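A.B. asks: Sharing a structure with you now.
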Amino acid sequence: MQDLLEFDISLRLEDFTLEVADHLPLDGITALIGPSGSGKTTLLRILAGLERGGEGRVAIRAAQGDEIWLDSAQGIFAPPYRRGAGHVFQDARLFPHLGVDGNLRYADRRSRHVGGEIAFGDVVEALDLSPLLGRAPQSLSGGERQRVAIARAVLSRPRILLMDEPLSALDMKRKAAILPYIERLPQRFSIPIVYVTHAIEEASRLASRMLVLEEGRKRAVGPVRTILERLDLQPATGHFEAGVVLDATVTGHDPQFHLTQLDCLGQSVAMPQADLPIGATARIRIRARDVALAKSRPKDISIRNVLEGKIAEIAEEADTAFAEMLIDIGGAGVRARITRASVADLGLKPGEHVFVLVKSISFDRRAF
Amino acid sequence: MILADLAPLWLTARLAGLTTLILLAIGTPLAWWLAHTHSRAKVFVETITALPLVLPPTVIGFYLLIAMNPNAPLGAAWVSLTGTTLTFSFAGLVVGSIVYSLPFMVQPLQSAFEMVGRRPLEAAATLRASPFDAFISVAAPMALRGFISGSVLTFAHTVGEFGVVLMVGGNIPGRTRVISIAIYEHVETIDYAQAHALSAILLVFSFLVLLLVYGLNRRFPVQVG
């Protein structure tokens, strides 16, 4: 049986109620997404034991024995320091009176009794921290600080690592620099992660599973691809960055034009050259706003990626100019965001055959 | 030797040192509670703690004298415990100084703990540190400046105490005759040379203490991050 984090909790505040129940497999990365104010951070804090007002149950169900963290009916509340839930805060919260090395050792010393395979040197190496060990937290950049905070949380040898929008204070470039480190953690140190974010592109890149919260309730849970294909989850899954992820296989490179060709569900697509061997699998991301539709295959057009598919679903957004479409391209969906006027002009209906014009594709993950 | 009698100096140092140590022990949990509680009692406790700042020392001394009277509960308990009375004794002076200097220990500590806030403590808890461990390893070092300011101010303030001592301790050489009382008596007996020497010592001492506190505040602003 797979190890699980099981919870069924509620928290009632004056103007907000959180009521969520689920069980998350303790492996890989689960993204907890939703618009701000949806209760993501509060849920995470209840799981960690930092928020005391939560009622219900939180438990680890594992092959080597269950651990009950919260059972308000029986009056059980395990304090945070006994839970073994690592936490990475939005504001790193490094201890200012200790150096980088001191911050890491703080966690290391207090978790040695837990045992396991996590060694100080390995964590320092995995997050490239050796050059920073002698520094003071105040002298670090925002990105460096978060890397130290992540390493410190890993060194607490947690049962699960809870990350609360750890990159939200960073600019795009710094974000992109840290994502690969986070991505590797579950494999390298066998730590499952629950990752809170409102940035859908971060979630889709890192996670294998998503839990969507809205106004304190669970809207949806499931594999990333399934969640992203659902048109009804907006605005939780975002407007601007909404899109889908697809798996594709590298079939060739065109050095003259710096392109990489990929096979995506039997159809060929090209994108700016990527450093991947032929045969490698990549996760690619197509945003709904980068997609246009045509009823016949267009000629004389700059867009190179044209996929054939069938309209699966149309969701017109009341009071706006836009409609969200889901097009089945042979087993997977591509989302398109076009105007309602176009839907009417072209007479688009579910089941209809269309050509999907993709203006740009980006890699979500280089290889996995 | 210009100072005829060094006893008041030593007595004052002992009194101030002991008061500071005891207030560290009492003031730390009190300041911690004030910094973290949401209780409605907080505002009352804060007010009571601040009372010695505004009350004339004679008023504090008067009430202490009444409480320490062997017929009063506190005084009676002390007599049955130690066999001696609390009034006009060194122990009585210590008790009086603790009351009198309480705000000078509690207020700097409380604001230092408030500056540290809950965030670093939450981080420590998720790193498997128990609350006591987190206090010792995170809160106390981050609030170090508060401990230093509180101790220095308490010590200095106790050294400068006069009214309370006079009320509960009187003027018994070697037992309750501290510097300020000695100066008072030297002036009363028109021994200005002795009064000058002791006053100068207090003046220089107070100046150095305040210089140290303000210097610390400038050089080591509390860093929270």
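Identifiers for the structure tokens are assigned positionally: chains receive A, B, ... in sequence, residues are indexed from 1 per chain, and ligands are indexed from 1 in the order shown.
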DSSP on the backbone, then: every residue of segment 28-211 of chain B marked alpha helix (DSSP H), written as an MDAnalysis selection string.

C.D. replies: chainID B and resid 28:36 41:54 57:68 73:82 90:116 119:126 131:134 140:142 144:159 163:168 179:188 192:211

A.B. asks: Find the nearest atom pair between each residue of chain A and chain B for residues within 8 Å, count only C-alpha atoms, give distances in Å to one decimal, sort rows by chain and ascending number, and present the table as a tab-separated table.

C.D. replies:
residue	atom	partner	partner_atom	distance
A:Ala48	CA	B:Thr126	CA	7.5
A:Leu50	CA	B:Glu122	CA	7.0
A:Pro80	CA	B:Ala125	CA	5.7
A:Tyr81	CA	B:Arg128	CA	4.0
A:Arg82	CA	B:Arg128	CA	6.4
A:Arg83	CA	B:Arg128	CA	8.0
A:Gly84	CA	B:Arg128	CA	6.9
A:Ala85	CA	B:Thr126	CA	6.4
A:Gly86	CA	B:Thr126	CA	5.6
A:His87	CA	B:Thr126	CA	6.0
A:Arg93	CA	B:Pro120	CA	6.0
A:Leu94	CA	B:Gly225	CA	6.7
A:Phe95	CA	B:Pro120	CA	6.8
A:Pro96	CA	B:Gly225	CA	6.3
A:His97	CA	B:Met142	CA	6.4
A:Tyr106	CA	B:Leu127	CA	7.9
A:Ala107	CA	B:Leu127	CA	5.4
A:Arg110	CA	B:Arg128	CA	6.2
A:Ser111	CA	B:Arg128	CA	7.0
A:Gln138	CA	B:Gly225	CA	7.5
A:Ala153	CA	B:Leu127	CA	6.8
A:Ser156	CA	B:Leu127	CA	5.5

A.B. asks: Ranking B:Val187, B:Leu9, B:Ser149, B:Leu64 by minimum distance to Leu93 of chain B and counting only C-alpha atoms, which one comes first?

C.D. replies: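 Checking each candidate against Leu93 of chain B, we get B:Leu64 as the closest.
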
A.B. asks: With only C-alpha atoms as the counted atoms, please give the residues lying no more than 8 Å from Pro108 of chain B, apart from itself and same-chain residues fewer than 3 positions off, as a PyMOL selection string.

C.D. replies: chain B and resi 104-105+111-112+146-147+149-150

A.B. asks: In Å to one decimal, how far is atom CA of His253 of chain A from atom CA of Thr281 of chain A?

C.D. replies: 14.2 Å

A.B. asks: Just the residues within 12 Å of Pro29 of chain B, please, counting only C-alpha atoms, with nothing from its chain fewer than 3 positions along; format it as a short mmCIF file (atom, residue, chain, number, x, y, z; two decimals) with C-alpha atoms, in the first residue's frame.

C.D. replies:
data_model
loop_
_atom_site.label_atom_id
_atom_site.label_comp_id
_atom_site.auth_asym_id
_atom_site.auth_seq_id
_atom_site.Cartn_x
_atom_site.Cartn_y
_atom_site.Cartn_z
CA ILE B 22 16.56 38.06 40.32
CA LEU B 23 14.81 40.41 37.90
CA LEU B 24 16.34 38.55 34.95
CA ALA B 25 14.74 35.39 36.30
CA ILE B 26 11.36 37.01 36.99
CA TRP B 32 7.77 36.82 27.19
CA TRP B 33 4.17 36.44 28.26
CA LEU B 34 3.46 40.14 27.62
CA ALA B 35 5.06 39.95 24.18
CA HIS B 36 3.06 36.90 23.07
CA THR B 37 -0.25 36.86 24.89
CA MET B 105 13.94 45.00 33.11
CA VAL B 106 10.55 44.07 31.65
CA LEU B 109 12.87 42.65 27.18
CA GLN B 110 9.26 42.85 26.05
CA PHE B 113 10.79 39.77 22.19
CA PHE B 132 12.11 25.83 25.22
CA PHE B 135 13.65 30.16 23.16
CA ALA B 140 17.22 34.69 23.41
#

A.B. asks: Considering only C-alpha atoms, can you say which of A:Val154, A:Arg159, A:Ile118, A:Phe16 comes closest to Asp66 of chain A?

C.D. replies: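 Distance minimum relative to Asp66 of chain A lands on A:Arg159.
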